[in-house]
>>> print(open('protein33.txt').read())   # compact mmCIF, C-alpha atoms
# COMPACT_ATOMS: atom_id res chain seq x y z
CA MET A 298 -21.32 7.64 -4.72
CA ASN A 299 -18.27 7.66 -2.47
CA THR A 300 -18.52 6.82 1.22
CA ILE A 301 -17.67 9.84 3.38
CA LEU A 302 -16.15 9.71 6.86
CA GLU A 303 -15.78 12.91 8.86
CA ASN A 304 -14.80 14.12 12.31
CA ASN A 305 -13.52 17.39 13.77
CA PHE A 306 -10.13 16.93 12.10
CA LEU A 307 -10.56 15.12 8.77
CA ARG A 308 -12.90 14.47 5.86
CA VAL A 309 -12.19 11.25 3.96
CA GLU A 310 -13.85 9.88 0.80
CA ILE A 311 -13.68 6.18 -0.12
CA ASP A 312 -14.75 4.54 -3.37
CA LYS A 313 -16.34 1.09 -3.31
CA LEU A 314 -14.16 0.23 -6.34
CA GLY A 315 -11.14 -1.31 -4.67
CA ALA A 316 -12.20 0.16 -1.30
CA GLU A 317 -9.83 2.94 -2.36
CA ILE A 318 -9.46 6.24 -0.49
CA LYS A 319 -10.08 9.08 -2.95
CA SER A 320 -9.62 12.16 -0.77
CA ILE A 321 -8.10 13.12 2.58
CA LYS A 322 -8.71 16.73 3.63
CA ASN A 323 -8.09 18.47 6.91
CA LYS A 324 -10.30 21.24 8.27
CA LEU A 325 -8.17 23.83 6.44
CA ASN A 326 -9.35 22.10 3.24
CA ILE A 327 -5.81 20.99 2.37
CA GLU A 328 -5.96 17.91 0.10
CA TYR A 329 -3.33 15.43 1.27
CA LEU A 330 -4.09 12.62 -1.17
CA TRP A 331 -2.81 12.54 -4.75
CA GLN A 332 -5.75 13.08 -7.10
CA GLY A 333 -4.89 10.49 -9.71
CA ASN A 334 -3.61 12.37 -12.77
CA PRO A 335 -3.50 9.62 -15.45
CA GLU A 336 -0.57 11.37 -17.16
CA PHE A 337 1.56 10.01 -14.33
CA TRP A 338 -0.43 7.54 -12.19
CA LYS A 339 -4.20 7.16 -12.34
CA ARG A 340 -4.65 5.54 -8.93
CA GLN A 341 -4.65 7.09 -5.47
CA SER A 342 -4.64 4.53 -2.66
CA PRO A 343 -5.16 0.99 -3.93
CA ILE A 344 -5.33 -2.15 -1.79
CA LEU A 345 -2.87 -4.78 -3.07
CA PHE A 346 -4.17 -8.36 -3.01
CA PRO A 347 -3.55 -11.29 -3.46
CA ILE A 348 -0.03 -10.29 -4.49
CA VAL A 349 2.17 -7.30 -3.78
CA GLY A 350 4.27 -6.11 -6.69
CA LYS A 351 4.95 -8.01 -9.86
CA LEU A 352 5.22 -11.71 -10.59
CA LYS A 353 8.06 -12.93 -12.79
CA ASN A 354 6.57 -13.09 -16.30
CA ASP A 355 3.21 -12.15 -14.68
CA CYS A 356 2.67 -15.82 -13.84
CA TYR A 357 2.77 -18.21 -10.91
CA ASN A 358 2.46 -21.96 -10.50
CA TYR A 359 0.18 -23.69 -8.00
CA ASN A 360 -0.25 -27.47 -7.82
CA GLY A 361 1.23 -27.94 -11.27
CA LYS A 362 -0.98 -25.36 -13.01
CA THR A 363 0.16 -21.97 -14.29
CA TYR A 364 -1.96 -18.88 -13.60
CA HIS A 365 -1.61 -15.37 -15.02
CA MET A 366 -1.90 -12.34 -12.75
CA THR A 367 -0.80 -8.76 -13.27
CA GLN A 368 1.01 -6.47 -10.84
CA HIS A 369 -0.54 -5.99 -7.38
CA GLY A 370 -3.40 -8.42 -8.02
CA PHE A 371 -7.11 -7.84 -8.67
CA ALA A 372 -8.70 -6.44 -5.50
CA ARG A 373 -8.10 -2.85 -6.63
CA ASP A 374 -10.23 -3.44 -9.76
CA ASN A 375 -13.28 -4.97 -8.06
CA ASN A 376 -16.23 -3.47 -6.23
CA PHE A 377 -16.50 -3.97 -2.48
CA ASP A 378 -19.74 -3.97 -0.51
CA VAL A 379 -20.17 -1.45 2.29
CA VAL A 380 -21.42 -3.60 5.16
CA GLU A 381 -21.02 -1.21 8.10
CA LYS A 382 -21.08 2.59 8.21
CA THR A 383 -21.06 5.30 10.87
CA GLU A 384 -19.94 8.93 10.66
CA THR A 385 -16.34 7.97 11.38
CA GLU A 386 -16.03 4.30 10.39
CA ALA A 387 -16.82 2.10 7.39
CA LYS A 388 -16.19 -1.55 6.53
CA PHE A 389 -15.81 -2.75 2.93
CA VAL A 390 -15.98 -6.45 1.95
CA PHE A 391 -15.02 -8.36 -1.20
CA THR A 392 -15.41 -12.13 -1.59
CA SER A 393 -14.01 -14.65 -4.05
CA ASN A 394 -16.19 -15.54 -7.01
CA GLU A 395 -16.17 -17.45 -10.27
CA GLU A 396 -14.01 -14.82 -11.99
CA THR A 397 -11.38 -14.57 -9.25
CA ARG A 398 -11.04 -18.36 -9.08
CA LYS A 399 -9.97 -18.42 -12.74
CA ILE A 400 -6.74 -16.64 -11.85
CA TYR A 401 -6.52 -17.36 -8.11
CA PRO A 402 -7.91 -20.77 -7.07
CA PHE A 403 -8.78 -19.96 -3.46
CA ASP A 404 -11.94 -18.97 -1.60
CA PHE A 405 -11.64 -15.96 0.67
CA THR A 406 -13.29 -12.94 2.25
CA LEU A 407 -11.30 -9.72 2.16
CA SER A 408 -12.43 -6.82 4.32
CA VAL A 409 -11.01 -3.32 4.73
CA THR A 410 -12.14 -1.13 7.63
CA TYR A 411 -11.38 2.59 7.87
CA LYS A 412 -11.82 4.45 11.14
CA LEU A 413 -11.13 8.10 11.94
CA ILE A 414 -9.53 8.77 15.32
CA ARG A 415 -8.71 12.47 15.68
CA ASN A 416 -6.22 13.23 12.88
CA ASN A 417 -5.54 9.56 12.08
CA ILE A 418 -7.08 7.10 9.64
CA ASP A 419 -6.80 3.62 11.13
CA VAL A 420 -6.92 0.90 8.48
CA SER A 421 -7.59 -2.76 9.30
CA ILE A 422 -7.32 -5.35 6.53
CA ASN A 423 -8.66 -8.82 7.25
CA VAL A 424 -8.36 -11.96 5.11
CA ILE A 425 -10.37 -15.09 5.92
CA ASN A 426 -9.66 -18.38 4.19
CA THR A 427 -13.15 -19.70 3.46
CA GLY A 428 -11.94 -22.63 1.37
CA LYS A 429 -10.78 -26.14 2.19
CA ASN A 430 -7.15 -25.74 1.14
CA THR A 431 -4.31 -23.71 2.61
CA MET A 432 -4.29 -20.26 1.01
CA TYR A 433 -1.19 -18.37 -0.12
CA PHE A 434 -1.23 -14.60 -0.57
CA SER A 435 0.42 -11.25 0.04
CA ILE A 436 -1.27 -7.99 0.94
CA GLY A 437 -0.42 -4.32 1.12
CA ALA A 438 -1.52 -0.73 0.62
CA HIS A 439 -0.35 1.98 -1.77
CA PRO A 440 -1.53 5.46 -0.68
CA GLY A 441 -0.06 8.41 -2.59
CA PHE A 442 0.31 11.86 -1.04
CA ASN A 443 0.56 15.29 -2.63
CA ILE A 444 4.06 16.77 -2.55
CA PRO A 445 4.37 19.64 -2.01
CA LEU A 446 1.29 20.15 0.16
CA LEU A 447 1.54 23.94 0.02
CA SER A 448 2.86 24.58 -3.48
CA ARG A 449 3.61 28.27 -3.03
CA LYS A 450 5.99 27.65 -0.14
CA GLU A 451 7.67 24.36 -0.94
CA LYS A 452 9.05 22.15 -3.67
CA PHE A 453 9.42 18.40 -4.03
CA GLU A 454 13.08 18.42 -2.98
CA ASP A 455 12.25 20.11 0.34
CA TYR A 456 10.67 16.89 1.60
CA TYR A 457 12.27 13.83 3.10
CA VAL A 458 11.21 10.41 4.33
CA VAL A 459 12.07 9.51 7.91
CA ALA A 460 11.87 5.95 9.23
CA ALA A 461 11.61 5.11 12.92
CA PRO A 462 13.19 3.56 14.82
CA ARG A 463 16.30 5.14 13.23
CA ARG A 464 18.87 2.72 11.83
CA LYS A 465 20.43 1.68 8.54
CA PHE A 466 18.11 -0.52 6.51
CA ASP A 467 18.94 -3.10 3.88
CA LEU A 468 18.01 -1.54 0.56
CA MET A 469 15.25 -3.36 -1.28
CA GLN A 470 15.05 -1.94 -4.79
CA ILE A 471 12.22 -2.55 -7.23
CA ASN A 472 14.03 -2.53 -10.55
CA SER A 473 12.89 -1.22 -13.93
CA ASP A 474 11.55 -4.70 -14.78
CA GLY A 475 9.29 -4.54 -11.71
CA LEU A 476 11.14 -7.30 -9.85
CA SER A 477 12.84 -6.93 -6.50
CA GLY A 478 16.49 -7.10 -5.56
CA MET A 479 18.65 -6.31 -2.56
CA SER A 480 21.94 -4.51 -2.20
CA LYS A 481 23.60 -5.30 1.13
CA ASP A 482 26.48 -3.00 0.17
CA ASP A 483 24.25 0.06 -0.16
CA PRO A 484 22.16 0.39 3.03
CA LEU A 485 19.34 2.89 3.06
CA ASP A 486 19.79 5.42 5.82
CA SER A 487 16.99 7.53 7.26
CA PRO A 488 16.17 10.34 6.61
CA VAL A 489 16.07 10.14 2.80
CA GLN A 490 15.81 13.46 0.97
CA LEU A 491 13.43 13.30 -1.95
CA SER A 492 14.38 13.98 -5.53
CA HIS A 493 12.78 12.86 -8.76
CA ASP A 494 16.00 11.07 -9.72
CA LEU A 495 15.65 8.90 -6.61
CA PHE A 496 12.87 6.97 -8.36
CA LYS A 497 14.44 6.72 -11.83
CA ASN A 498 14.32 2.91 -11.62
CA ASP A 499 11.30 2.33 -9.36
CA ALA A 500 10.41 2.11 -5.66
CA LYS A 501 12.77 2.17 -2.71
CA ILE A 502 11.94 -0.13 0.19
CA PHE A 503 12.83 -0.24 3.87
CA ASP A 504 13.38 -3.87 4.87
CA ILE A 505 11.83 -3.52 8.34
CA GLY A 506 12.68 -6.95 9.69
CA GLU A 507 11.31 -8.00 13.07
CA ASN A 508 10.00 -4.67 14.42
CA LYS A 509 6.47 -5.04 15.77
CA LYS A 510 5.58 -1.45 14.94
CA SER A 511 7.30 0.79 12.39
CA MET A 512 6.74 4.36 11.27
CA VAL A 513 7.67 6.46 8.26
CA MET A 514 7.03 10.18 8.02
CA LEU A 515 6.85 12.47 5.02
CA GLN A 516 7.78 16.00 6.05
CA SER A 517 9.55 19.24 5.18
CA ASP A 518 11.40 21.79 7.29
CA LYS A 519 9.53 24.47 5.36
CA SER A 520 6.06 23.30 6.38
CA ASP A 521 4.11 22.38 9.49
CA HIS A 522 2.12 19.88 7.43
CA GLY A 523 3.06 16.29 6.67
CA VAL A 524 2.06 12.63 6.78
CA SER A 525 3.00 9.71 9.01
CA LEU A 526 2.34 6.03 8.41
CA VAL A 527 2.54 3.51 11.25
CA ALA A 528 2.29 -0.21 10.46
CA ASP A 529 2.07 -3.31 12.63
CA ASP A 530 4.27 -6.34 11.90
CA CYS A 531 4.91 -5.54 8.24
CA GLN A 532 8.13 -6.76 6.65
CA TYR A 533 8.52 -3.90 4.18
CA ILE A 534 7.58 -0.24 3.78
CA GLY A 535 8.09 1.12 0.29
CA PHE A 536 8.14 4.65 -1.03
CA TRP A 537 7.70 5.52 -4.68
CA SER A 538 7.02 8.26 -7.17
CA ILE A 539 7.29 8.93 -10.89
CA LYS A 540 9.70 11.41 -12.40
CA ASP A 541 8.24 14.94 -12.46
CA ALA A 542 5.04 13.89 -10.64
CA ASP A 543 4.12 15.76 -7.46
CA PHE A 544 3.33 12.82 -5.20
CA VAL A 545 5.02 10.20 -3.03
CA CYS A 546 3.51 6.88 -1.98
CA LEU A 547 4.15 5.38 1.46
CA GLU A 548 3.39 1.68 1.20
CA PRO A 549 3.09 -0.92 4.00
CA TRP A 550 3.62 -4.37 2.53
CA TRP A 551 3.06 -7.86 3.89
CA GLY A 552 4.80 -9.38 0.87
CA ILE A 553 6.97 -8.24 -2.04
CA ALA A 554 7.53 -8.59 -5.79
CA ASP A 555 9.23 -11.68 -7.19
CA THR A 556 12.99 -11.67 -7.51
CA LYS A 557 14.73 -12.33 -10.83
CA ASP A 558 15.61 -15.86 -9.71
CA SER A 559 12.07 -16.74 -8.54
CA ASN A 560 10.99 -20.28 -9.47
CA GLY A 561 7.37 -19.12 -9.88
CA ILE A 562 5.92 -21.58 -7.34
CA LEU A 563 3.36 -19.70 -5.25
CA GLN A 564 4.06 -21.61 -2.04
CA GLU A 565 7.76 -20.68 -2.29
CA LYS A 566 7.31 -17.02 -3.25
CA LYS A 567 9.36 -14.55 -1.20
CA GLY A 568 7.26 -12.98 1.55
CA ILE A 569 4.21 -15.19 0.91
CA ILE A 570 1.68 -15.63 3.73
CA GLU A 571 0.34 -19.12 4.43
CA LEU A 572 -3.20 -19.26 5.81
CA LYS A 573 -4.88 -22.56 6.66
CA ASN A 574 -8.59 -23.11 6.05
CA SER A 575 -11.05 -21.28 8.32
CA LEU A 576 -8.29 -19.09 9.77
CA GLN A 577 -7.84 -15.35 9.30
CA PHE A 578 -4.99 -12.88 8.87
CA ASN A 579 -5.08 -9.30 10.11
CA SER A 580 -2.89 -6.40 9.01
CA ASN A 581 -3.12 -2.90 10.40
CA PHE A 582 -1.70 0.51 9.64
CA SER A 583 -2.54 4.12 10.40
CA ILE A 584 -2.20 7.27 8.30
CA GLY A 585 -1.55 10.35 10.41
CA ILE A 586 -2.23 13.83 9.03
CA PHE A 587 -0.57 16.88 10.51
>>> encode(input="protein33.txt", output="structure tokens")
Amino acid sequence: MNTILENNFLRVEIDKLGAEIKSIKNKLNIEYLWQGNPEFWKRQSPILFPIVGKLKNDCYNYNGKTYHMTQHGFARDNNFDVVEKTETEAKFVFTSNEETRKIYPFDFTLSVTYKLIRNNIDVSINVINTGKNTMYFSIGAHPGFNIPLLSRKEKFEDYYVVAAPRRKFDLMQINSDGLSGMSKDDPLDSPVQLSHDLFKNDAKIFDIGENKKSMVMLQSDKSDHGVSLVADDCQYIGFWSIKDADFVCLEPWWGIADTKDSNGILQEKKGIIELKNSLQFNSNFSIGIF
């Protein structure tokens, strides 16, 4: 049974599998979250851990040993425990075990806390290194939103993605092989009008840089309804869809897919987070519904 959070503005359902949000509805009963049509993309709002994106050849090397791990890691395919619950807040926890250590040789506790504040869903992701060795990981989120929200009034191309603060961003492109690249000669300017051809290769990514707090909004001039995503201290915010599918993902990332020239060594992976034993890492973002 899904965990339900509700206040005077929103009703949110969360599955213990992956601590994944399954539904976001406002009080007009408008469903904002993509409902996971497997013809296009079966997921809805996965948590990405301990990698974000794809590894080159789906492998990495740590201390001379090669490990196999598929895109976005394994947290999204494991059950979390619900350890705290109120009407508007819930905390989900997943810990390392014998199976995770076969493909990721670190001990950790991963927790995801969702809290409703008016028309916002505040998300706090916490990683604790419970092992003896320094831990290397990336983390992110991948929520997908219905586009259009009001199908009788709008179409996909009526929407655009706005990044704030406004500036030209270096374009980080996830290519058809799932690996990342950068084109300094083709900066990504906000706002970006949506089209299905925009995602013919894969995701587009704002390289945020040093901003402490960044925001992207998904909106249309033909609707009063939309989505905002505000993230703290994240290096990248991606947006992605699949051709002919009526959704767009807004993705805060503390890490990124391997590049084509990656040497495969985990400690040297682009965007990797280094966490010494007994320490913790916190990442935060908020989904705003309007």
>>> closest_residue(input="protein33.txt", among="A:Phe587, A:Trp551, A:Phe503, A:Phe466", to="Phe346 of chain A", atoms="all atoms listed in the file")
A:Trp551
>>> residues_around(input="protein33.txt", residues="Thr397 of chain A", least_positions_apart="5", cutoff="12 Å", atoms="all atoms listed in the file", output="list in words")
Phe346, Pro347, Tyr364, His365, Met366, Gly370, Phe371, Ala372, Asp374, Asn375, Phe391, Thr392, Pro402, Phe403, Asp404, Phe405 and Thr406 of chain A
>>> atom_distance(input="protein33.txt", atom1="atom CA of Thr427 of chain A", atom2="atom CA of Ser575 of chain A")
5.5 Å
>>> residues_around(input="protein33.txt", residues="Lys319 of chain A", least_positions_apart="3", cutoff="9 Å", atoms="all atoms listed in the file", output="short mmCIF file (atom, residue, chain, number, x, y, z; two decimals) with C-alpha atoms, in the frame of the given file")
data_model
loop_
_atom_site.label_atom_id
_atom_site.label_comp_id
_atom_site.auth_asym_id
_atom_site.auth_seq_id
_atom_site.Cartn_x
_atom_site.Cartn_y
_atom_site.Cartn_z
CA ASN A 299 -18.27 7.66 -2.47
CA VAL A 309 -12.19 11.25 3.96
CA GLU A 310 -13.85 9.88 0.80
CA ILE A 311 -13.68 6.18 -0.12
CA ASP A 312 -14.75 4.54 -3.37
CA LEU A 330 -4.09 12.62 -1.17
CA TRP A 331 -2.81 12.54 -4.75
CA GLN A 332 -5.75 13.08 -7.10
CA GLY A 333 -4.89 10.49 -9.71
CA ARG A 340 -4.65 5.54 -8.93
CA GLN A 341 -4.65 7.09 -5.47
CA SER A 342 -4.64 4.53 -2.66
#
>>> atom_distance(input="protein33.txt", atom1="atom CA of Pro445 of chain A", atom2="atom CA of Leu345 of chain A")
25.5 Å
>>> closest_residue(input="protein33.txt", among="A:Lys324, A:Lys497, A:Arg373, A:Lys362", to="Ala438 of chain A", atoms="all atoms listed in the file")
A:Arg373
>>> atom_distance(input="protein33.txt", atom1="atom CA of Leu491 of chain A", atom2="atom CA of Ile418 of chain A")
24.4 Å
>>> closest_residue(input="protein33.txt", among="A:Phe582, A:Phe536, A:Phe337, A:Phe434", to="Leu407 of chain A", atoms="only C-alpha atoms")
A:Phe434
>>> closest_residue(input="protein33.txt", among="A:Tyr411, A:Phe544, A:Phe578, A:Phe377", to="Phe453 of chain A", atoms="only C-alpha atoms")
A:Phe544
>>> closest_residue(input="protein33.txt", among="A:Cys356, A:Ile400, A:Ile584, A:Ile569", to="Pro440 of chain A", atoms="all atoms listed in the file")
A:Ile584
>>> residues_around(input="protein33.txt", residues="Asn579 of chain A", least_positions_apart="4", cutoff="12 Å", atoms="all atoms listed in the file", output="PyMOL selection string")
chain A and resi 406-410+420-426+435-437+528-531+551+570+572
>>> residues_around(input="protein33.txt", residues="Met514 of chain A", least_positions_apart="2", cutoff="6 Å", atoms="all atoms listed in the file", output="PyMOL selection string")
chain A and resi 458-459+524-525
>>> residues_around(input="protein33.txt", residues="His493 of chain A", least_positions_apart="4", cutoff="12 Å", atoms="only C-alpha atoms", output="PyMOL selection string")
chain A and resi 444+452-457+497-500+537-545
>>> axis_aligned_box(input="protein33.txt", around="segment 494-510 of chain A", padding_each_side="8 Å", output="JSON")
{"center_x": 10.8, "center_y": 1.5, "center_z": 2.0, "size_x": 26.4, "size_y": 35.1, "size_z": 43.6}
>>> closest_residue(input="protein33.txt", among="A:His522, A:Lys351, A:Lys412, A:Lys567", to="Asn472 of chain A", atoms="all atoms listed in the file")
A:Lys351
>>> decode(input="protein33.txt", residues="segment 396-422 of chain A", atoms="N, CA and C atoms", output="PDB file, in the first residue's frame")
ATOM      1  N   GLU A 396      23.474  -8.061  -0.891  1.00  0.00           N
ATOM      2  CA  GLU A 396      23.270  -7.966  -2.342  1.00  0.00           C
ATOM      3  C   GLU A 396      23.864  -6.684  -2.907  1.00  0.00           C
ATOM      4  N   THR A 397      23.668  -5.554  -2.229  1.00  0.00           N
ATOM      5  CA  THR A 397      24.215  -4.300  -2.761  1.00  0.00           C
ATOM      6  C   THR A 397      25.737  -4.327  -2.765  1.00  0.00           C
ATOM      7  N   ARG A 398      26.335  -4.972  -1.756  1.00  0.00           N
ATOM      8  CA  ARG A 398      27.799  -4.981  -1.676  1.00  0.00           C
ATOM      9  C   ARG A 398      28.443  -5.787  -2.798  1.00  0.00           C
ATOM     10  N   LYS A 399      27.674  -6.646  -3.457  1.00  0.00           N
ATOM     11  CA  LYS A 399      28.218  -7.401  -4.597  1.00  0.00           C
ATOM     12  C   LYS A 399      28.525  -6.493  -5.788  1.00  0.00           C
ATOM     13  N   ILE A 400      27.768  -5.406  -5.915  1.00  0.00           N
ATOM     14  CA  ILE A 400      27.976  -4.508  -7.046  1.00  0.00           C
ATOM     15  C   ILE A 400      28.440  -3.119  -6.621  1.00  0.00           C
ATOM     16  N   TYR A 401      28.413  -2.864  -5.300  1.00  0.00           N
ATOM     17  CA  TYR A 401      28.810  -1.558  -4.771  1.00  0.00           C
ATOM     18  C   TYR A 401      29.389  -1.787  -3.378  1.00  0.00           C
ATOM     19  N   PRO A 402      30.719  -1.842  -3.238  1.00  0.00           N
ATOM     20  CA  PRO A 402      31.352  -2.348  -2.017  1.00  0.00           C
ATOM     21  C   PRO A 402      31.469  -1.314  -0.901  1.00  0.00           C
ATOM     22  N   PHE A 403      30.352  -0.686  -0.558  1.00  0.00           N
ATOM     23  CA  PHE A 403      30.334   0.323   0.487  1.00  0.00           C
ATOM     24  C   PHE A 403      29.124   0.100   1.389  1.00  0.00           C
ATOM     25  N   ASP A 404      29.268   0.488   2.641  1.00  0.00           N
ATOM     26  CA  ASP A 404      28.157   0.433   3.591  1.00  0.00           C
ATOM     27  C   ASP A 404      27.571   1.837   3.746  1.00  0.00           C
ATOM     28  N   PHE A 405      26.250   1.919   3.724  1.00  0.00           N
ATOM     29  CA  PHE A 405      25.600   3.221   3.718  1.00  0.00           C
ATOM     30  C   PHE A 405      24.187   3.120   4.276  1.00  0.00           C
ATOM     31  N   THR A 406      23.643   4.255   4.644  1.00  0.00           N
ATOM     32  CA  THR A 406      22.210   4.422   4.885  1.00  0.00           C
ATOM     33  C   THR A 406      21.737   5.558   3.994  1.00  0.00           C
ATOM     34  N   LEU A 407      20.717   5.267   3.207  1.00  0.00           N
ATOM     35  CA  LEU A 407      20.120   6.248   2.300  1.00  0.00           C
ATOM     36  C   LEU A 407      18.709   6.543   2.788  1.00  0.00           C
ATOM     37  N   SER A 408      18.418   7.810   3.045  1.00  0.00           N
ATOM     38  CA  SER A 408      17.064   8.173   3.464  1.00  0.00           C
ATOM     39  C   SER A 408      16.513   9.269   2.562  1.00  0.00           C
ATOM     40  N   VAL A 409      15.206   9.187   2.319  1.00  0.00           N
ATOM     41  CA  VAL A 409      14.493  10.173   1.507  1.00  0.00           C
ATOM     42  C   VAL A 409      13.285  10.635   2.319  1.00  0.00           C
ATOM     43  N   THR A 410      13.201  11.935   2.558  1.00  0.00           N
ATOM     44  CA  THR A 410      12.098  12.502   3.336  1.00  0.00           C
ATOM     45  C   THR A 410      11.287  13.441   2.460  1.00  0.00           C
ATOM     46  N   TYR A 411       9.977  13.216   2.439  1.00  0.00           N
ATOM     47  CA  TYR A 411       9.045  14.072   1.700  1.00  0.00           C
ATOM     48  C   TYR A 411       8.194  14.846   2.694  1.00  0.00           C
ATOM     49  N   LYS A 412       8.044  16.138   2.449  1.00  0.00           N
ATOM     50  CA  LYS A 412       7.256  16.980   3.341  1.00  0.00           C
ATOM     51  C   LYS A 412       6.429  17.967   2.524  1.00  0.00           C
ATOM     52  N   LEU A 413       5.134  18.009   2.790  1.00  0.00           N
ATOM     53  CA  LEU A 413       4.256  18.954   2.110  1.00  0.00           C
ATOM     54  C   LEU A 413       4.234  20.275   2.874  1.00  0.00           C
ATOM     55  N   ILE A 414       4.515  21.351   2.153  1.00  0.00           N
ATOM     56  CA  ILE A 414       4.396  22.702   2.698  1.00  0.00           C
ATOM     57  C   ILE A 414       3.588  23.515   1.694  1.00  0.00           C
ATOM     58  N   ARG A 415       2.334  23.758   2.017  1.00  0.00           N
ATOM     59  CA  ARG A 415       1.392  24.405   1.097  1.00  0.00           C
ATOM     60  C   ARG A 415       1.388  23.642  -0.237  1.00  0.00           C
ATOM     61  N   ASN A 416       1.723  24.307  -1.345  1.00  0.00           N
ATOM     62  CA  ASN A 416       1.677  23.648  -2.645  1.00  0.00           C
ATOM     63  C   ASN A 416       3.050  23.139  -3.091  1.00  0.00           C
ATOM     64  N   ASN A 417       3.934  22.892  -2.121  1.00  0.00           N
ATOM     65  CA  ASN A 417       5.278  22.392  -2.419  1.00  0.00           C
ATOM     66  C   ASN A 417       5.513  21.031  -1.781  1.00  0.00           C
ATOM     67  N   ILE A 418       6.308  20.220  -2.468  1.00  0.00           N
ATOM     68  CA  ILE A 418       6.807  18.963  -1.914  1.00  0.00           C
ATOM     69  C   ILE A 418       8.298  19.141  -1.695  1.00  0.00           C
ATOM     70  N   ASP A 419       8.699  19.282  -0.438  1.00  0.00           N
ATOM     71  CA  ASP A 419      10.117  19.398  -0.106  1.00  0.00           C
ATOM     72  C   ASP A 419      10.714  17.999   0.015  1.00  0.00           C
ATOM     73  N   VAL A 420      11.828  17.786  -0.668  1.00  0.00           N
ATOM     74  CA  VAL A 420      12.474  16.473  -0.687  1.00  0.00           C
ATOM     75  C   VAL A 420      13.893  16.609  -0.144  1.00  0.00           C
ATOM     76  N   SER A 421      14.192  15.837   0.901  1.00  0.00           N
ATOM     77  CA  SER A 421      15.527  15.810   1.485  1.00  0.00           C
ATOM     78  C   SER A 421      16.097  14.407   1.323  1.00  0.00           C
ATOM     79  N   ILE A 422      17.258  14.319   0.703  1.00  0.00           N
ATOM     80  CA  ILE A 422      17.927  13.033   0.506  1.00  0.00           C
ATOM     81  C   ILE A 422      19.221  13.049   1.309  1.00  0.00           C
TER      82      ILE A 422
END
